[in-house]
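Student: As input, take run.cif (mmCIF, C-alpha atoms and all ligand atoms):
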data_coords
#
loop_
_atom_site.label_atom_id
_atom_site.label_comp_id
_atom_site.auth_asym_id
_atom_site.auth_seq_id
_atom_site.Cartn_x
_atom_site.Cartn_y
_atom_site.Cartn_z
CA MET M 1 202.11 -34.91 -64.35
CA THR M 2 201.74 -33.41 -60.87
CA THR M 3 201.03 -29.72 -60.35
CA ALA M 4 204.58 -29.31 -59.04
CA ASP M 5 205.92 -30.93 -62.23
CA ARG M 6 203.86 -28.55 -64.35
CA TYR M 7 205.33 -25.56 -62.58
CA VAL M 8 208.89 -26.89 -62.88
CA GLU M 9 208.36 -27.58 -66.56
CA PHE M 10 206.97 -24.09 -67.09
CA ALA M 11 209.95 -22.61 -65.25
CA THR M 12 212.58 -24.55 -67.16
CA ARG M 13 211.02 -24.85 -70.62
CA GLU M 14 209.03 -21.63 -70.97
CA ALA M 15 210.14 -18.96 -68.52
CA HIS M 16 213.87 -19.75 -68.43
CA GLY M 17 215.81 -17.10 -70.32
CA ILE M 18 212.61 -15.14 -71.02
CA SER M 19 211.17 -14.13 -67.66
CA PRO M 20 213.47 -14.47 -64.62
CA ALA M 21 210.58 -13.33 -62.37
CA TYR M 22 208.21 -16.06 -63.58
CA GLU M 23 210.98 -18.65 -63.59
CA ARG M 24 211.67 -17.86 -59.91
CA LEU M 25 207.99 -17.84 -58.95
CA ALA M 26 207.17 -21.07 -60.75
CA HIS M 27 210.06 -22.89 -59.05
CA ALA M 28 208.91 -21.46 -55.69
CA VAL M 29 205.31 -22.61 -56.25
CA ALA M 30 206.55 -26.09 -57.18
CA ARG M 31 208.26 -26.34 -53.76
CA ASP M 32 205.37 -24.87 -51.75
CA ASP M 33 202.98 -27.47 -50.33
CA ASP M 34 200.42 -24.86 -49.24
CA LEU M 35 200.17 -23.25 -52.68
CA LEU M 36 200.14 -26.65 -54.39
CA ALA M 37 197.23 -27.74 -52.15
CA LEU M 38 195.28 -24.60 -53.13
CA LEU M 39 195.97 -25.20 -56.82
CA ASP M 40 195.01 -28.85 -56.55
CA GLY M 41 191.56 -27.75 -55.39
CA LEU M 42 191.00 -26.37 -58.91
CA PRO M 43 190.10 -28.49 -61.94
CA PRO M 44 193.33 -29.68 -63.64
CA ALA M 45 192.90 -27.40 -66.65
CA ARG M 46 192.74 -24.39 -64.31
CA ARG M 47 196.01 -25.05 -62.47
CA GLN M 48 198.17 -23.60 -65.24
CA PRO M 49 201.17 -21.48 -64.18
CA GLN M 50 200.37 -18.72 -66.69
CA LEU M 51 196.82 -18.48 -65.37
CA LEU M 52 197.90 -18.17 -61.72
CA LEU M 53 200.64 -15.66 -62.50
CA GLY M 54 198.40 -13.63 -64.82
CA VAL M 55 195.57 -13.49 -62.29
CA VAL M 56 197.86 -12.37 -59.46
CA ARG M 57 199.25 -9.61 -61.72
CA TRP M 58 195.70 -8.69 -62.83
CA LEU M 59 194.60 -8.29 -59.21
CA GLY M 60 197.62 -6.12 -58.47
CA GLY M 61 199.62 -8.70 -56.53
CA PRO M 62 203.44 -8.79 -56.37
CA VAL M 63 205.31 -10.95 -58.87
CA ASP M 64 208.88 -9.88 -58.21
CA ASP M 65 209.49 -11.63 -54.89
CA PRO M 66 208.48 -15.26 -54.15
CA SER M 67 207.72 -14.70 -50.45
CA ALA M 68 205.56 -11.62 -51.15
CA PHE M 69 203.84 -13.58 -53.94
CA ARG M 70 203.19 -16.48 -51.56
CA ALA M 71 201.77 -14.23 -48.83
CA TYR M 72 199.53 -12.37 -51.30
CA THR M 73 198.28 -15.57 -52.95
CA LYS M 74 197.37 -17.18 -49.64
CA ALA M 75 195.68 -14.02 -48.31
CA HIS M 76 193.69 -13.38 -51.52
CA TRP M 77 192.99 -16.96 -52.55
CA PRO M 78 189.16 -16.63 -52.83
CA ALA M 79 189.49 -13.79 -55.37
CA ILE M 80 192.37 -15.52 -57.17
CA ARG M 81 190.46 -18.78 -57.30
CA ALA M 82 187.35 -17.07 -58.70
CA ALA M 83 189.37 -15.37 -61.44
CA MET M 84 191.22 -18.60 -62.29
CA LEU M 85 187.85 -20.28 -62.79
CA THR M 86 186.49 -17.57 -65.10
CA ARG M 87 189.46 -16.11 -66.97
CA ALA M 88 191.56 -18.14 -69.42
CA VAL M 89 195.06 -18.00 -70.87
CA GLN M 90 194.31 -16.14 -74.07
CA THR M 91 197.54 -14.28 -74.71
CA ASN M 92 197.06 -12.46 -77.98
CA GLU M 93 200.38 -11.61 -79.55
CA ALA M 94 200.34 -9.44 -82.69
CA GLY M 95 204.11 -10.02 -82.97
CA ARG M 96 203.36 -13.47 -84.38
CA CYS M 97 202.25 -11.79 -87.61
CA ALA M 98 205.91 -10.95 -88.36
CA ALA M 99 206.85 -14.63 -88.58
CA LEU M 100 203.70 -15.51 -90.52
CA LEU M 101 204.13 -12.70 -93.04
CA PRO M 102 206.55 -14.48 -95.46
CA VAL M 103 203.96 -17.25 -95.82
CA LEU M 104 200.89 -15.01 -96.04
CA ALA M 105 202.51 -12.62 -98.54
CA ALA M 106 203.45 -15.51 -100.87
CA LEU M 107 199.90 -16.88 -101.19
CA PRO M 108 197.62 -15.87 -104.08
CA GLN M 109 196.14 -12.49 -103.13
CA PRO M 110 193.76 -11.17 -101.94
CA LEU M 111 193.20 -13.16 -98.76
CA ALA M 112 190.13 -14.04 -96.70
CA LEU M 113 191.67 -14.63 -93.26
CA LEU M 114 189.89 -16.89 -90.81
CA GLU M 115 191.68 -17.31 -87.50
CA VAL M 116 190.63 -20.05 -85.11
CA GLY M 117 191.48 -19.43 -81.45
CA ALA M 118 191.65 -15.73 -82.28
CA SER M 119 191.38 -14.38 -78.70
CA ALA M 120 190.85 -10.64 -79.38
CA GLY M 121 191.75 -11.03 -83.08
CA LEU M 122 195.06 -9.16 -83.09
CA CYS M 123 196.63 -11.64 -85.52
CA LEU M 124 193.92 -10.81 -88.07
CA TYR M 125 195.65 -7.56 -89.08
CA PRO M 126 198.91 -8.62 -90.79
CA ASP M 127 198.16 -6.07 -93.52
CA ARG M 128 197.94 -3.13 -91.08
CA TYR M 129 201.09 -3.50 -88.96
CA ALA M 130 204.64 -2.36 -89.77
CA TYR M 131 207.54 -4.82 -89.79
CA ARG M 132 211.28 -4.73 -89.26
CA TYR M 133 213.40 -7.65 -90.46
CA GLY M 134 216.94 -6.57 -89.58
CA ASP M 135 217.38 -3.36 -91.58
CA HIS M 136 214.47 -4.13 -93.91
CA LEU M 137 211.36 -2.12 -93.04
CA LEU M 138 207.90 -2.82 -94.39
CA GLY M 139 204.90 -0.57 -93.87
CA GLY M 140 204.61 2.38 -91.48
CA GLY M 141 202.98 3.40 -88.22
CA ASP M 142 202.60 1.52 -84.96
CA PRO M 143 203.22 -1.18 -83.89
CA VAL M 144 206.48 -2.11 -85.62
CA LEU M 145 206.90 -5.87 -85.33
CA ASP M 146 210.51 -7.04 -85.19
CA CYS M 147 211.56 -10.44 -86.44
CA THR M 148 214.89 -12.12 -87.09
CA LEU M 149 214.50 -14.26 -90.19
CA THR M 150 216.99 -16.87 -91.36
CA GLY M 151 216.79 -19.20 -94.33
CA THR M 152 214.40 -16.99 -96.30
CA GLY M 153 214.32 -13.40 -97.46
CA PRO M 154 212.07 -10.80 -95.86
CA PRO M 155 208.71 -10.27 -97.53
CA THR M 156 208.60 -7.25 -99.83
CA THR M 157 204.86 -6.68 -99.62
CA ARG M 158 202.17 -7.08 -97.00
CA PRO M 159 199.22 -9.31 -97.82
CA GLU M 160 195.98 -7.83 -99.09
CA VAL M 161 193.21 -8.89 -96.69
CA VAL M 162 189.68 -8.35 -98.00
CA TRP M 163 187.86 -10.32 -95.30
CA ARG M 164 188.83 -11.23 -91.76
CA ALA M 165 186.97 -13.19 -89.12
CA GLY M 166 187.86 -15.10 -85.99
CA LEU M 167 186.46 -17.98 -84.01
CA ASP M 168 187.10 -18.44 -80.30
CA LEU M 169 185.49 -20.24 -77.37
CA ASN M 170 185.71 -16.94 -75.51
CA PRO M 171 186.35 -13.98 -77.83
CA LEU M 172 187.85 -10.92 -76.16
CA ASP M 173 186.79 -7.43 -77.17
CA VAL M 174 189.56 -4.99 -78.10
CA THR M 175 187.21 -2.09 -77.42
CA ASP M 176 186.58 -3.24 -73.82
CA PRO M 177 189.20 -1.91 -71.35
CA ALA M 178 188.65 -4.89 -69.00
CA ASP M 179 189.50 -7.37 -71.76
CA VAL M 180 192.54 -5.38 -72.89
CA GLY M 181 193.56 -5.18 -69.20
CA TRP M 182 193.41 -8.96 -68.94
CA LEU M 183 195.53 -9.33 -72.10
CA ASP M 184 198.01 -6.91 -70.53
CA ALA M 185 198.14 -8.99 -67.31
CA LEU M 186 198.94 -12.08 -69.38
CA ILE M 187 202.11 -10.42 -70.66
CA TRP M 188 205.11 -11.43 -68.61
CA PRO M 189 206.46 -8.83 -66.15
CA GLU M 190 209.72 -7.93 -67.86
CA HIS M 191 208.19 -7.61 -71.33
CA THR M 192 207.47 -3.90 -71.44
CA HIS M 193 207.98 -3.88 -75.22
CA ARG M 194 205.17 -6.43 -75.57
CA ARG M 195 202.90 -4.31 -73.39
CA ALA M 196 203.45 -1.30 -75.68
CA ARG M 197 202.91 -3.55 -78.71
CA LEU M 198 199.63 -4.84 -77.27
CA ARG M 199 198.32 -1.30 -76.77
CA ALA M 200 199.34 -0.26 -80.29
CA ALA M 201 197.91 -3.40 -81.93
CA ALA M 202 194.69 -3.11 -79.92
CA ALA M 203 194.33 0.47 -81.19
CA VAL M 204 194.73 -0.75 -84.79
CA ALA M 205 192.10 -3.43 -84.24
CA ALA M 206 189.74 -1.16 -82.29
CA ALA M 207 189.69 1.29 -85.21
CA ASP M 208 188.06 -1.43 -87.33
CA PRO M 209 187.03 -4.21 -84.92
CA PRO M 210 187.21 -7.76 -86.23
CA GLU M 211 184.22 -10.01 -86.53
CA LEU M 212 184.74 -12.60 -83.81
CA VAL M 213 182.37 -15.52 -83.48
CA ARG M 214 182.00 -17.39 -80.20
CA GLY M 215 182.41 -21.02 -81.10
CA ASP M 216 184.51 -24.14 -81.36
CA LEU M 217 187.18 -24.63 -83.98
CA VAL M 218 185.69 -27.96 -85.08
CA ASP M 219 181.96 -27.49 -84.68
CA ASP M 220 181.72 -23.94 -85.96
CA LEU M 221 184.47 -23.68 -88.57
CA PRO M 222 182.50 -24.84 -91.64
CA ALA M 223 179.75 -22.25 -91.21
CA LEU M 224 182.21 -19.39 -90.80
CA ALA M 225 184.43 -20.56 -93.67
CA ALA M 226 181.36 -20.69 -95.93
CA ARG M 227 180.99 -16.94 -95.44
CA ALA M 228 184.39 -16.10 -96.95
CA PRO M 229 183.97 -14.13 -100.15
CA ALA M 230 184.48 -15.81 -103.53
CA GLY M 231 187.49 -14.45 -105.37
CA ALA M 232 189.72 -14.36 -102.29
CA THR M 233 192.04 -17.11 -101.06
CA LEU M 234 190.62 -18.55 -97.85
CA VAL M 235 193.39 -18.91 -95.24
CA VAL M 236 192.58 -20.73 -92.02
CA LEU M 237 195.15 -19.63 -89.50
CA HIS M 238 196.03 -20.58 -85.92
CA THR M 239 198.92 -19.82 -83.61
CA SER M 240 199.46 -21.32 -80.14
CA VAL M 241 195.93 -22.71 -79.95
CA LEU M 242 195.89 -26.48 -80.41
CA TYR M 243 197.80 -27.17 -77.18
CA GLN M 244 194.56 -26.10 -75.48
CA VAL M 245 192.49 -28.58 -77.53
CA PRO M 246 192.19 -32.27 -76.54
CA PRO M 247 194.09 -34.55 -78.98
CA PRO M 248 191.04 -36.26 -80.56
CA ARG M 249 189.59 -32.83 -81.35
CA ARG M 250 192.89 -31.76 -82.91
CA GLY M 251 192.58 -34.69 -85.33
CA ALA M 252 189.02 -33.70 -86.19
CA PHE M 253 190.12 -30.10 -86.79
CA VAL M 254 192.97 -31.16 -89.09
CA ALA M 255 190.64 -33.37 -91.14
CA LEU M 256 188.17 -30.51 -91.41
CA VAL M 257 190.66 -27.84 -92.41
CA ARG M 258 192.25 -30.11 -95.01
CA ALA M 259 188.86 -30.54 -96.68
CA LEU M 260 188.32 -26.78 -97.00
CA PRO M 261 189.34 -24.84 -100.10
CA GLY M 262 192.30 -22.46 -99.81
CA HIS M 263 195.24 -22.78 -97.44
CA TRP M 264 196.01 -23.67 -93.84
CA VAL M 265 198.70 -21.81 -91.90
CA SER M 266 199.66 -23.05 -88.45
CA ALA M 267 202.19 -22.17 -85.76
CA GLU M 268 202.04 -24.73 -83.00
CA ALA M 269 204.39 -26.85 -80.90
CA ALA M 270 205.63 -29.81 -82.96
CA ASP M 271 204.08 -32.52 -80.78
CA VAL M 272 200.68 -30.84 -80.84
CA LEU M 273 200.31 -31.63 -84.55
CA GLY M 274 201.93 -35.03 -84.14
CA TRP M 275 205.29 -34.11 -85.69
CA ASP M 276 208.38 -35.76 -84.32
CA ALA M 277 210.71 -32.85 -83.47
CA ASP M 278 213.68 -35.21 -83.94
CA ALA M 279 212.68 -35.75 -87.56
CA LEU M 280 212.81 -31.99 -88.22
CA PRO M 281 216.00 -29.93 -88.56
CA ALA M 282 217.42 -29.12 -85.11
CA PRO M 283 215.88 -25.98 -83.54
CA PRO M 284 218.30 -23.06 -83.14
CA ASP M 285 218.68 -23.51 -79.35
CA GLY M 286 217.07 -25.15 -76.33
CA THR M 287 214.24 -22.63 -75.96
CA LEU M 288 210.70 -23.45 -76.91
CA HIS M 289 210.01 -23.09 -80.64
CA ASN M 290 206.81 -23.66 -82.55
CA VAL M 291 206.62 -25.11 -86.04
CA LEU M 292 205.35 -22.80 -88.74
CA ALA M 293 203.61 -24.87 -91.40
CA LEU M 294 201.66 -24.39 -94.60
CA ASP M 295 199.01 -26.95 -95.51
CA GLY M 296 200.47 -29.37 -92.99
CA THR M 297 204.05 -29.10 -94.31
CA PRO M 298 206.54 -27.82 -91.69
CA LEU M 299 208.47 -24.79 -93.02
CA ALA M 300 210.30 -23.16 -90.13
CA TRP M 301 210.98 -22.99 -86.42
CA MET M 302 209.32 -19.94 -84.95
CA ARG M 303 209.85 -18.39 -81.52
CA SER M 304 206.55 -18.23 -79.73
CA HIS M 305 205.98 -14.48 -79.98
CA GLY M 306 207.13 -14.20 -83.59
CA GLN M 307 210.46 -12.59 -82.69
CA GLU M 308 212.43 -15.15 -84.75
CA ALA M 309 211.69 -17.55 -87.61
CA HIS M 310 214.26 -19.97 -88.98
CA TRP M 311 213.35 -21.59 -92.29
CA PHE M 312 214.37 -25.18 -92.81
CA GLY M 313 217.16 -25.52 -95.41
C1 LIG Q 1 196.96 -18.79 -76.27
S1 LIG Q 1 195.57 -18.07 -77.07
C2 LIG Q 1 196.30 -17.64 -78.64
C3 LIG Q 1 195.59 -16.49 -79.31
C4 LIG Q 1 196.08 -16.10 -80.69
N1 LIG Q 1 195.95 -17.22 -81.60
C5 LIG Q 1 197.50 -15.62 -80.68
O1 LIG Q 1 198.38 -16.36 -81.13
O2 LIG Q 1 197.78 -14.50 -80.27
C6 LIG Q 1 194.57 -19.50 -77.49
C7 LIG Q 1 193.14 -19.14 -77.84
O3 LIG Q 1 192.52 -20.32 -78.35
C8 LIG Q 1 191.18 -20.34 -77.89
N2 LIG Q 1 190.67 -21.73 -77.98
C9 LIG Q 1 191.06 -22.79 -77.25
N3 LIG Q 1 190.35 -23.89 -77.60
C10 LIG Q 1 189.50 -23.51 -78.59
C11 LIG Q 1 188.50 -24.19 -79.35
N4 LIG Q 1 188.24 -25.50 -79.17
N5 LIG Q 1 187.81 -23.49 -80.27
C12 LIG Q 1 188.05 -22.15 -80.45
N6 LIG Q 1 188.98 -21.46 -79.74
C13 LIG Q 1 189.69 -22.11 -78.83
C14 LIG Q 1 191.28 -19.79 -76.48
O4 LIG Q 1 190.03 -19.32 -76.02
C15 LIG Q 1 192.31 -18.68 -76.66
O5 LIG Q 1 191.70 -17.44 -76.96
#
How would this structure read if it were set down as structure tokens?
Ligand SMILES: C[S@@+](CC[C@H](N)C(=O)[O-])C[C@H]1O[C@@H](n2cnc3c(N)ncnc32)[C@H](O)[C@@H]1O
Tutor:
Amino acid sequence: MTTADRYVEFATREAHGISPAYERLAHAVARDDDLLALLDGLPPARRQPQLLLGVVRWLGGPVDDPSAFRAYTKAHWPAIRAAMLTRAVQTNEAGRCAALLPVLAALPQPLALLEVGASAGLCLYPDRYAYRYGDHLLGGGDPVLDCTLTGTGPPTTRPEVVWRAGLDLNPLDVTDPADVGWLDALIWPEHTHRRARLRAAAAVAAADPPELVRGDLVDDLPALAARAPAGATLVVLHTSVLYQVPPPRRGAFVALVRALPGHWVSAEAADVLGWDADALPAPPDGTLHNVLALDGTPLAWMRSHGQEAHWFG
């Protein structure tokens, strides 16, 4: 796939209907030979649309007008390039906990939560956030995570988490303003509600920071899992991570997690775990949905940020 193709795919499959600004910019980049030549000077893994757009926002560049974006990107390319080589797309979305909650709350309690690809660890606090499923409220305080659920009832309790730990190639620190600033820049321009949610979730996590281990989800998982306390159900969890992992390593991770005691909860694009989307019930509409699964069994379509989850009949 060419860089232009990647930007068109991002515009049509990911940004369309969600971020008009990013949809416009990604289409404009795909048509711009100068910007494509700059991007093609980066390693392929660093040419990602979300990385470019996040870095330009992080540096204070304009993202509302394609010609202003183009001029800024060309004029500031050395700084943009340097940030694209050091920063990574690590969007950490606490909202995903709302879609995971029906699964987590139904497992034998208490839980020992181990998240791989945890970023700053905001998905390690499903027991501390408040939730709103239609008119059904659960818990109190900030943030309140909204989710439209179909095909299953809303959970009536939050899980009890007695141990939480995360593993990431590059853990971010919720107590470091620069890291929280980067997470903020990764949020798409129109999503002010997500920006407020990030700040509120980061405050929850910063009050009791998670243990985050720098490491790889295959090489370093067994040692971390071995530290989970006896008497709690070990849950290995990951959301929107495996698309960043090369396919042979995904297979090694799946074999590893299946051999561990406890349960495995995943929310990933269907093809990433080798599922044929055509063999699953049809997703609710044409937008990108992940598959929420328990122990390798697909349960529901989930919108990427946890704002909807549709259980299979
Ligand atoms: C898009 S972020 C998702 C973060 C979080 N799971 C969420 O849903 O909010 C993906 C994360 O996976 C991490 N990651 C990618 N490959 C990894 C690997 N092989 N081992 C551990 N972490 C990895 C990245 O560093 C990044 O923080």
Student: Could I get the residues of stretch 73-178 of chain M with an atom no further than 12 Å from an atom of stretch 245-254 of chain M, each paired with its nearest atom pair and that distance in Å to one decimal, using all atoms listed in the file, sorted by chain and residue number, as CSV?
Tutor:
residue,atom,partner,partner_atom,distance
M:Val116,CA,M:Phe253,CA,10.2
M:Gly117,CA,M:Val245,CA,10.0
M:Asp168,CA,M:Val245,CA,11.8
M:Leu169,CA,M:Val245,CA,10.9
Student: Leaving out stretch 177-192 of chain M and any residue of its chain fewer than 2 positions from it, which residues lie within 9 Å of it when counting only C-alpha atoms, given as a VMD selection string?
Tutor: chain M and resid 18 to 22 50 to 51 53 to 59 63 to 64 87 89 to 92 120 172 to 175 194 to 199 202
Student: Using all atoms listed in the file, which residues of stretch 67-105 of chain M come within 10 Å of stretch 25-38 of chain M, and what is the closest atom pair for each, with the distance in Å to one decimal? Give it as a tab-separated table, sorted by chain and residue number.
Tutor:
residue	atom	partner	partner_atom	distance
M:Ser67	CA	M:Ala28	CA	8.6
M:Phe69	CA	M:Leu25	CA	7.8
M:Arg70	CA	M:Leu35	CA	7.5
M:Ala71	CA	M:Leu35	CA	9.9
M:Thr73	CA	M:Leu35	CA	7.9
M:Lys74	CA	M:Leu35	CA	7.3
M:Trp77	CA	M:Leu38	CA	8.0
M:Arg81	CA	M:Leu38	CA	8.6
Student: Taking all atoms listed in the file into account, which residues have an atom no farther than 9 Å from ligand LIG 1 (chain Q)? I'd like them as an mmCIF file with C-alpha atoms, in the frame of the given file.
Tutor:
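Output file part07.cif follows:
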data_model
loop_
_atom_site.group_PDB
_atom_site.id
_atom_site.type_symbol
_atom_site.label_atom_id
_atom_site.label_comp_id
_atom_site.auth_asym_id
_atom_site.auth_seq_id
_atom_site.Cartn_x
_atom_site.Cartn_y
_atom_site.Cartn_z
ATOM 1 C CA ALA M 88 191.560 -18.140 -69.420
ATOM 2 C CA VAL M 89 195.060 -18.000 -70.870
ATOM 3 C CA GLN M 90 194.310 -16.140 -74.070
ATOM 4 C CA THR M 91 197.540 -14.280 -74.710
ATOM 5 C CA ASN M 92 197.060 -12.460 -77.980
ATOM 6 C CA GLU M 93 200.380 -11.610 -79.550
ATOM 7 C CA ALA M 94 200.340 -9.440 -82.690
ATOM 8 C CA GLY M 95 204.110 -10.020 -82.970
ATOM 9 C CA ARG M 96 203.360 -13.470 -84.380
ATOM 10 C CA CYS M 97 202.250 -11.790 -87.610
ATOM 11 C CA GLU M 115 191.680 -17.310 -87.500
ATOM 12 C CA VAL M 116 190.630 -20.050 -85.110
ATOM 13 C CA GLY M 117 191.480 -19.430 -81.450
ATOM 14 C CA ALA M 118 191.650 -15.730 -82.280
ATOM 15 C CA SER M 119 191.380 -14.380 -78.700
ATOM 16 C CA ALA M 120 190.850 -10.640 -79.380
ATOM 17 C CA GLY M 121 191.750 -11.030 -83.080
ATOM 18 C CA LEU M 122 195.060 -9.160 -83.090
ATOM 19 C CA CYS M 123 196.630 -11.640 -85.520
ATOM 20 C CA GLY M 166 187.860 -15.100 -85.990
ATOM 21 C CA LEU M 167 186.460 -17.980 -84.010
ATOM 22 C CA ASP M 168 187.100 -18.440 -80.300
ATOM 23 C CA LEU M 169 185.490 -20.240 -77.370
ATOM 24 C CA ASN M 170 185.710 -16.940 -75.510
ATOM 25 C CA PRO M 171 186.350 -13.980 -77.830
ATOM 26 C CA LEU M 172 187.850 -10.920 -76.160
ATOM 27 C CA ARG M 214 182.000 -17.390 -80.200
ATOM 28 C CA GLY M 215 182.410 -21.020 -81.100
ATOM 29 C CA ASP M 216 184.510 -24.140 -81.360
ATOM 30 C CA LEU M 217 187.180 -24.630 -83.980
ATOM 31 C CA VAL M 218 185.690 -27.960 -85.080
ATOM 32 C CA ASP M 219 181.960 -27.490 -84.680
ATOM 33 C CA ASP M 220 181.720 -23.940 -85.960
ATOM 34 C CA LEU M 221 184.470 -23.680 -88.570
ATOM 35 C CA LEU M 237 195.150 -19.630 -89.500
ATOM 36 C CA HIS M 238 196.030 -20.580 -85.920
ATOM 37 C CA THR M 239 198.920 -19.820 -83.610
ATOM 38 C CA SER M 240 199.460 -21.320 -80.140
ATOM 39 C CA VAL M 241 195.930 -22.710 -79.950
ATOM 40 C CA LEU M 242 195.890 -26.480 -80.410
ATOM 41 C CA TYR M 243 197.800 -27.170 -77.180
ATOM 42 C CA GLN M 244 194.560 -26.100 -75.480
ATOM 43 C CA VAL M 245 192.490 -28.580 -77.530
ATOM 44 C CA PRO M 246 192.190 -32.270 -76.540
ATOM 45 C CA ARG M 249 189.590 -32.830 -81.350
ATOM 46 C CA ARG M 250 192.890 -31.760 -82.910
ATOM 47 C CA ALA M 267 202.190 -22.170 -85.760
ATOM 48 C CA SER M 304 206.550 -18.230 -79.730
ATOM 49 C CA HIS M 305 205.980 -14.480 -79.980
#
Student: Write out as a ChimeraX atom specification which residues come within 12 Å of M:Gly153 when counting only C-alpha atoms, dropping same-chain ones fewer than 5 positions away.
Tutor: /M:99,101-103,105-106,133-134,136,147-148,309-311
Student: Could you check the closest approach to M:Leu145 for each of M:Glu308, M:Ala82, M:Asp208, M:Arg13 and tell me which residue wins, using all atoms listed in the file?
Tutor: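 For M:Leu145, the nearest of the given residues is M:Glu308.
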Student: Restricting the calculation to all atoms listed in the file: of M:Gly313, M:Ser266, M:Ala279, M:Leu149, which residue gets closest to M:Ala293?
Tutor: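 Result for the nearest residue to M:Ala293: M:Ser266.
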Student: So that I can see what lies close to M:Asn290, please list as a PyMOL selection string the residues with an atom at most 6 Å from it, counting only C-alpha atoms and leaving out residues fewer than 3 positions away in the same chain.
Tutor: chain M and resi 267-269+301-302
Student: Between atom CA of M:Gln109 and atom CA of M:Glu160, measure the distance and give it in Å to one decimal.
Tutor: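 These atoms are spaced 6.2 Å apart.
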